[in-house]
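What follows is work_36.cif (mmCIF, C-alpha atoms).
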```
data_structure
#
loop_
_atom_site.group_PDB
_atom_site.id
_atom_site.type_symbol
_atom_site.label_atom_id
_atom_site.label_comp_id
_atom_site.auth_asym_id
_atom_site.auth_seq_id
_atom_site.Cartn_x
_atom_site.Cartn_y
_atom_site.Cartn_z
ATOM 1 C CA MET A 281 63.536 -87.431 91.200
ATOM 2 C CA LYS A 282 59.812 -87.719 91.787
ATOM 3 C CA PRO A 283 57.507 -85.676 89.553
ATOM 4 C CA ILE A 284 56.307 -83.610 92.503
ATOM 5 C CA MET A 285 59.879 -82.681 93.388
ATOM 6 C CA LYS A 286 60.542 -81.719 89.782
ATOM 7 C CA ALA A 287 57.435 -79.568 89.733
ATOM 8 C CA ILE A 288 58.442 -77.771 92.946
ATOM 9 C CA THR A 289 61.963 -77.185 91.616
ATOM 10 C CA MET A 290 60.610 -75.795 88.331
ATOM 11 C CA PHE A 291 58.179 -73.551 90.213
ATOM 12 C CA LEU A 292 60.901 -72.093 92.447
ATOM 13 C CA ALA A 293 63.190 -71.581 89.455
ATOM 14 C CA ALA A 294 60.366 -69.795 87.611
ATOM 15 C CA ILE A 295 59.847 -67.412 90.564
ATOM 16 C CA VAL A 296 63.563 -66.567 90.710
ATOM 17 C CA ILE A 297 63.816 -66.053 86.926
ATOM 18 C CA ALA A 298 60.581 -64.040 86.679
ATOM 19 C CA GLY A 299 61.974 -61.456 89.077
ATOM 20 C CA CYS A 300 64.869 -60.529 86.826
ATOM 21 C CA THR A 301 63.722 -61.099 83.261
ATOM 22 C CA VAL A 302 64.930 -58.571 80.709
ATOM 23 C CA LYS A 303 63.323 -58.869 77.281
ATOM 24 C CA ALA A 304 64.726 -57.225 74.142
ATOM 25 C CA VAL A 305 62.362 -56.386 71.277
ATOM 26 C CA GLY A 306 63.272 -55.054 67.829
ATOM 27 C CA ASP A 307 65.245 -55.788 64.677
ATOM 28 C CA PRO A 308 68.904 -55.105 63.770
ATOM 29 C CA ASN A 309 68.032 -51.992 61.743
ATOM 30 C CA ARG A 310 66.134 -50.223 64.472
ATOM 31 C CA PRO A 311 67.007 -49.161 67.987
ATOM 32 C CA ILE A 312 66.428 -51.912 70.513
ATOM 33 C CA THR A 313 63.664 -51.415 73.045
ATOM 34 C CA ILE A 314 64.311 -53.066 76.372
ATOM 35 C CA ASN A 315 61.306 -53.891 78.505
ATOM 36 C CA ALA A 316 62.460 -54.783 81.981
ATOM 37 C CA ASN A 317 60.149 -56.206 84.597
ATOM 38 C CA VAL A 318 59.914 -53.888 87.587
ATOM 39 C CA VAL A 319 59.102 -55.829 90.720
ATOM 40 C CA VAL A 320 57.385 -53.622 93.277
ATOM 41 C CA ASP A 321 57.706 -54.695 96.886
ATOM 42 C CA ILE A 322 54.192 -54.095 98.198
ATOM 43 C CA ARG A 323 55.246 -54.491 101.810
ATOM 44 C CA GLY A 324 57.979 -51.865 101.395
ATOM 45 C CA LEU A 325 55.534 -49.556 99.663
ATOM 46 C CA LYS A 326 52.966 -49.941 102.439
ATOM 47 C CA GLN A 327 55.638 -49.188 105.041
ATOM 48 C CA THR A 328 56.545 -46.013 103.168
ATOM 49 C CA ALA A 329 52.871 -45.050 102.899
ATOM 50 C CA THR A 330 52.450 -45.615 106.649
ATOM 51 C CA ASN A 331 55.494 -43.459 107.424
ATOM 52 C CA ILE A 332 54.254 -40.626 105.205
ATOM 53 C CA GLU A 333 50.736 -40.693 106.664
ATOM 54 C CA ASP A 334 52.156 -40.786 110.220
ATOM 55 C CA MET A 335 54.346 -37.809 109.416
ATOM 56 C CA ILE A 336 51.352 -35.861 108.062
ATOM 57 C CA ALA A 337 49.241 -36.687 111.135
ATOM 58 C CA GLU A 338 52.034 -35.791 113.572
ATOM 59 C CA GLY A 339 52.745 -32.490 111.860
ATOM 60 C CA ALA A 340 49.093 -31.568 111.402
ATOM 61 C CA VAL A 341 48.255 -27.932 112.089
ATOM 62 C CA LYS A 342 45.600 -27.512 114.796
ATOM 63 C CA MET B 51 68.848 -89.123 99.900
ATOM 64 C CA LYS B 52 65.201 -88.159 99.569
ATOM 65 C CA LYS B 53 65.209 -86.713 103.095
ATOM 66 C CA ILE B 54 68.281 -84.607 102.336
ATOM 67 C CA TYR B 55 66.604 -83.214 99.214
ATOM 68 C CA VAL B 56 63.425 -82.293 101.112
ATOM 69 C CA LEU B 57 65.492 -80.768 103.921
ATOM 70 C CA GLY B 58 67.468 -78.710 101.388
ATOM 71 C CA LEU B 59 64.245 -77.510 99.796
ATOM 72 C CA ALA B 60 62.814 -76.523 103.182
ATOM 73 C CA VAL B 61 65.987 -74.634 104.117
ATOM 74 C CA GLY B 62 65.860 -72.848 100.745
ATOM 75 C CA LEU B 63 62.285 -71.763 101.320
ATOM 76 C CA VAL B 64 63.107 -70.494 104.813
ATOM 77 C CA ILE B 65 66.070 -68.497 103.421
ATOM 78 C CA LEU B 66 63.821 -66.995 100.730
ATOM 79 C CA ALA B 67 61.225 -66.004 103.333
ATOM 80 C CA VAL B 68 63.813 -64.473 105.692
ATOM 81 C CA ALA B 69 65.508 -62.638 102.819
ATOM 82 C CA SER B 70 62.211 -61.140 101.689
ATOM 83 C CA VAL B 71 61.667 -59.762 105.207
ATOM 84 C CA CYS B 72 65.231 -58.534 105.740
ATOM 85 C CA PHE B 73 65.639 -56.974 102.312
ATOM 86 C CA ALA B 74 62.266 -55.252 101.921
ATOM 87 C CA ALA B 75 62.618 -52.462 99.391
ATOM 88 C CA ASP B 76 63.072 -49.010 100.850
ATOM 89 C CA TYR B 77 60.933 -46.508 98.956
ATOM 90 C CA ASP B 78 61.119 -42.837 99.783
ATOM 91 C CA TYR B 79 61.353 -39.379 98.284
ATOM 92 C CA LYS B 80 64.909 -39.206 96.964
ATOM 93 C CA THR B 81 64.590 -35.493 96.265
ATOM 94 C CA MET B 82 62.306 -33.254 98.294
ATOM 95 C CA THR B 83 61.019 -30.963 95.548
ATOM 96 C CA PRO B 84 59.056 -27.759 96.288
ATOM 97 C CA ASP B 85 55.926 -29.470 94.925
ATOM 98 C CA ILE B 86 56.280 -32.373 97.366
ATOM 99 C CA GLU B 87 56.943 -30.035 100.300
ATOM 100 C CA LYS B 88 53.920 -27.926 99.388
ATOM 101 C CA ALA B 89 51.665 -30.988 99.057
ATOM 102 C CA LEU B 90 52.794 -32.308 102.448
ATOM 103 C CA LYS B 91 52.230 -28.937 104.144
ATOM 104 C CA ASN B 92 48.819 -28.563 102.507
ATOM 105 C CA ARG B 93 47.799 -31.990 103.715
ATOM 106 C CA GLN B 94 48.990 -31.226 107.246
ATOM 107 C CA SER B 95 47.049 -27.972 107.310
ATOM 108 C CA ARG B 96 43.741 -29.617 106.339
ATOM 109 C CA TYR B 97 44.283 -32.853 108.285
ATOM 110 C CA HIS B 98 41.991 -32.107 111.263
ATOM 111 C CA GLN B 99 39.238 -30.662 109.092
ATOM 112 C CA LEU B 100 39.344 -33.794 106.956
ATOM 113 C CA GLN B 101 39.280 -36.032 110.020
ATOM 114 C CA SER B 102 36.134 -34.238 111.262
ATOM 115 C CA LEU B 103 34.391 -34.733 107.927
ATOM 116 C CA LYS B 104 35.367 -38.398 107.955
ATOM 117 C CA GLN B 105 33.912 -38.882 111.426
ATOM 118 C CA GLU B 106 30.692 -37.196 110.309
ATOM 119 C CA GLY B 107 30.468 -39.648 107.388
ATOM 120 C CA VAL B 108 30.605 -36.834 104.841
ATOM 121 C CA VAL B 109 33.964 -37.925 103.417
ATOM 122 C CA GLY B 110 35.316 -41.442 102.964
ATOM 123 C CA GLU B 111 38.559 -43.082 101.921
ATOM 124 C CA ASN B 112 38.141 -44.790 98.568
ATOM 125 C CA ASN B 113 40.006 -47.839 97.299
ATOM 126 C CA LYS B 114 42.277 -45.825 95.004
ATOM 127 C CA GLY B 115 44.086 -43.881 97.710
ATOM 128 C CA TYR B 116 41.939 -40.752 97.490
ATOM 129 C CA VAL B 117 39.058 -39.218 99.451
ATOM 130 C CA THR B 118 35.488 -39.103 98.194
ATOM 131 C CA ASP B 119 32.723 -36.631 99.035
ATOM 132 C CA LEU B 120 29.881 -39.019 99.915
ATOM 133 C CA LYS B 121 27.084 -36.501 100.563
ATOM 134 C CA ASN B 122 27.504 -34.054 97.677
ATOM 135 C CA ASN B 123 28.463 -31.409 100.188
ATOM 136 C CA ALA B 124 29.919 -28.279 98.528
ATOM 137 C CA ALA B 125 32.491 -27.554 101.254
ATOM 138 C CA ALA B 126 33.519 -31.196 101.395
ATOM 139 C CA ALA B 127 33.821 -31.337 97.601
ATOM 140 C CA THR B 128 36.238 -28.395 97.596
ATOM 141 C CA LEU B 129 38.270 -29.930 100.394
ATOM 142 C CA THR B 130 38.420 -33.390 98.807
ATOM 143 C CA ALA B 131 39.423 -31.925 95.431
ATOM 144 C CA ALA B 132 42.329 -30.047 97.047
ATOM 145 C CA GLU B 133 43.323 -33.078 99.138
ATOM 146 C CA ASN B 134 43.242 -35.368 96.107
ATOM 147 C CA ARG B 135 45.386 -32.956 94.073
ATOM 148 C CA ASP B 136 48.047 -33.015 96.790
ATOM 149 C CA ARG B 137 47.845 -36.780 97.194
ATOM 150 C CA ARG B 138 48.294 -37.180 93.439
ATOM 151 C CA VAL B 139 51.472 -35.053 93.565
ATOM 152 C CA LEU B 140 52.860 -37.240 96.361
ATOM 153 C CA TYR B 141 51.916 -40.534 94.664
ATOM 154 C CA GLU B 142 53.339 -39.533 91.291
ATOM 155 C CA ALA B 143 56.582 -38.319 92.849
ATOM 156 C CA LEU B 144 56.975 -41.540 94.833
ATOM 157 C CA ALA B 145 56.382 -43.705 91.738
ATOM 158 C CA GLU B 146 58.658 -41.603 89.555
ATOM 159 C CA GLN B 147 61.540 -41.124 91.983
ATOM 160 C CA ASN B 148 61.628 -44.821 92.830
ATOM 161 C CA LYS B 149 61.359 -45.832 89.157
ATOM 162 C CA LEU B 150 58.379 -48.089 89.771
ATOM 163 C CA GLY B 151 57.567 -48.476 86.078
ATOM 164 C CA ASN B 152 54.315 -48.194 84.155
ATOM 165 C CA THR B 153 52.139 -49.669 86.867
ATOM 166 C CA GLY B 154 54.001 -47.874 89.662
ATOM 167 C CA LEU B 155 51.397 -45.186 90.237
ATOM 168 C CA LEU B 156 48.636 -47.795 90.557
ATOM 169 C CA GLU B 157 50.723 -49.791 93.032
ATOM 170 C CA VAL B 158 51.437 -46.662 95.071
ATOM 171 C CA GLN B 159 47.740 -45.697 95.093
ATOM 172 C CA LYS B 160 46.766 -49.201 96.178
ATOM 173 C CA ALA B 161 49.342 -49.218 98.986
ATOM 174 C CA PHE B 162 48.114 -45.858 100.278
ATOM 175 C CA ALA B 163 44.484 -46.999 100.016
ATOM 176 C CA ASP B 164 45.317 -50.070 102.131
ATOM 177 C CA VAL B 165 47.082 -47.910 104.720
ATOM 178 C CA GLN B 166 44.236 -45.369 104.850
ATOM 179 C CA ARG B 167 41.748 -48.229 105.333
ATOM 180 C CA GLU B 168 43.864 -49.620 108.186
ATOM 181 C CA LYS B 169 44.293 -46.192 109.792
ATOM 182 C CA ALA B 170 40.618 -45.218 109.537
ATOM 183 C CA GLY B 171 38.937 -44.741 112.876
ATOM 184 C CA PRO B 172 35.740 -46.481 114.024
ATOM 185 C CA GLY B 173 32.754 -44.989 112.180
ATOM 186 C CA ASP B 174 34.807 -43.714 109.239
ATOM 187 C CA MET B 175 33.517 -44.644 105.780
ATOM 188 C CA VAL B 176 35.961 -46.801 103.809
ATOM 189 C CA GLN B 177 35.701 -48.457 100.419
ATOM 190 C CA SER B 178 36.812 -52.082 100.215
ATOM 191 C CA SER B 179 38.999 -53.311 97.374
ATOM 192 C CA SER B 180 35.842 -54.784 95.778
ATOM 193 C CA GLY B 181 34.220 -51.324 95.749
ATOM 194 C CA ASP B 182 31.725 -51.609 98.618
ATOM 195 C CA TRP B 183 31.450 -48.703 101.037
ATOM 196 C CA LYS B 184 31.060 -49.499 104.696
ATOM 197 C CA LYS B 185 31.478 -47.954 108.103
ATOM 198 C CA LYS B 186 34.637 -49.157 109.781
ATOM 199 C CA SER B 187 33.807 -50.906 113.034
#
```
In structure tokens, how does this file's structure come out?
Amino acid sequence: MKPIMKAITMFLAAIVIAGCTVKAVGDPNRPITINANVVVDIRGLKQTATNIEDMIAEGAVK
Amino acid sequence: MKKIYVLGLAVGLVILAVASVCFAADYDYKTMTPDIEKALKNRQSRYHQLQSLKQEGVVGENNKGYVTDLKNNAAAATLTAAENRDRRVLYEALAEQNKLGNTGLLEVQKAFADVQREKAGPGDMVQSSSGDWKKKS
């Protein structure tokens, strides 16, 4: 496998893994704190924002 | 062999792109609380007044999803303060109900700021993501 192919494969794998990483922090004598990555879908959020603003404009009191 | 590998990689990328479009996250208010309802109604009732102030250049949409009184006008300041309180209620509820994490509120504010910038009419004052104010053409 060429180095460039390896690099692309590693990059894609990193993207997939980064989206669902769960990291545990703590020691056996204390409660475990779990920090989970929350991936926010910006496009979905913008669509929601658009819908809410449309709804406000359409229902605006004259 | 090399061609098959490249083809496989290309197909994988296309699938990823299509999946990201088809499975866009659906954020919404899961529970319509009295606070959310009140904030929405308040915003609807002041919508036209706010639009007039925007067209006059007295009020602008800033890059954090809120409105700014640009001329130190007393009436506009009262209106923007009330509008921003209601927007904050809506943003916080959206971030909380969709479990968007620690940075959720910032992401919500940014998304709304982008939408407000896009929806602004010609002549409205808008703040770019870098912080510059300009009249939308």
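Polymer residues near (25.6, -38.0, 106.4): counting all atoms listed in the file with a cut-off of 8 Å, they are Glu106, Gly107, Val108, Leu120 and Lys121 of chain B.
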## Note on the structure
Across B:Met175, B:Ala145, B:Leu140, B:Ala131, the smallest distance to Glu333 in chain A, with all atoms listed in the file counted, is shown by B:Leu140
### Task
Could you state which residues are captured by the PyMOL selection byres ((chain B and resi 95-97) around 12) in this file, as an NGL selection string?
(:A and (333-342)) or (:B and (88-94 or 98-104 or 126 or 128-134 or 136))
### Query
Out of B:Asp85, B:Asp78, B:Glu111, B:Glu168, which residue has the shortest atom-to-atom distance to chain A when counting all atoms listed in the file?
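The closest residue to chain A is B:Asp78.
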### Message
Starting from the PyMOL selection byres ((chain B and resi 146-153) around 10), expand the selection into actual residues of this file and give them as a list of chain:residue names.
### Response
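Listing what the PyMOL selection byres ((chain B and resi 146-153) around 10) selects in the shown file: A:Ala316, A:Asn317, A:Val318, A:Val319, A:Val320, A:Asp321, B:Asp76, B:Tyr77, B:Asp78, B:Tyr79, B:Lys80, B:Thr81, B:Leu140, B:Tyr141, B:Glu142, B:Ala143, B:Leu144, B:Ala145, B:Gly154, B:Leu155, B:Leu156, B:Glu157, B:Val158.
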### Summary
CA of Asn112 in chain B to CA of Gln177 in chain B measures 4.8 Å
#### Entry: Computed interatomic separation between CA of Arg138 in chain B and CA of Ala161 in chain B (Å)
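Atom-to-atom, CA of Arg138 in chain B and CA of Ala161 in chain B are spaced 13.3 Å apart.
Closest to chain A among B:Asp119, B:Gln166, B:Arg135, B:Ala127 is B:Gln166, based on all atoms listed in the file.
Using all atoms listed in the file, the nearest neighbour of chain B within the list A:Ile297, A:Asp307, A:Leu325, A:Lys286 is A:Leu325.
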### Query
Quick one: distance from CA of Phe162 in chain B to CA of Gly115 in chain B in Å, one decimal?
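According to the coordinates, CA of Phe162 in chain B and CA of Gly115 in chain B are separated by 5.2 Å.
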Kindly list the centre and edge lengths in Å, rounded to one decimal, for the axis-aligned box that covers all listed atoms of range 161-178 of chain B plus 8 Å on each of its six sides, as lines of an AutoDock Vina configuration file.
```
center_x = 41.0
center_y = -47.9
center_z = 106.5
size_x = 32.6
size_y = 24.4
size_z = 31.0
```
### Query
Pick from B:Pro172, B:Gly110, B:Trp183, B:Ala163: nearest to Asn122 in chain B, with all atoms listed in the file counted?
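The closest residue to Asn122 in chain B is B:Gly110.
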### Task
Report as JSON, numbers by chain the residues that result from applying the PyMOL selection byres ((chain B and resi 173) around 6) to the structure here.
{"B": [172, 174, 185, 186]}
Output file for the residues above (C-alpha atoms, as a PDB file, in the coordinates of the input):
```pdb
ATOM      1  CA  PRO B 172      35.740 -46.481 114.024  1.00  0.00           C
ATOM      2  CA  ASP B 174      34.807 -43.714 109.239  1.00  0.00           C
ATOM      3  CA  LYS B 185      31.478 -47.954 108.103  1.00  0.00           C
ATOM      4  CA  LYS B 186      34.637 -49.157 109.781  1.00  0.00           C
TER       5      LYS B 186
END
```
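Each of B:Ala75, B:Ala124, B:Ser179, B:Val117 was compared to chain A using all atoms listed in the file, and B:Ala75 turns out to be the nearest.
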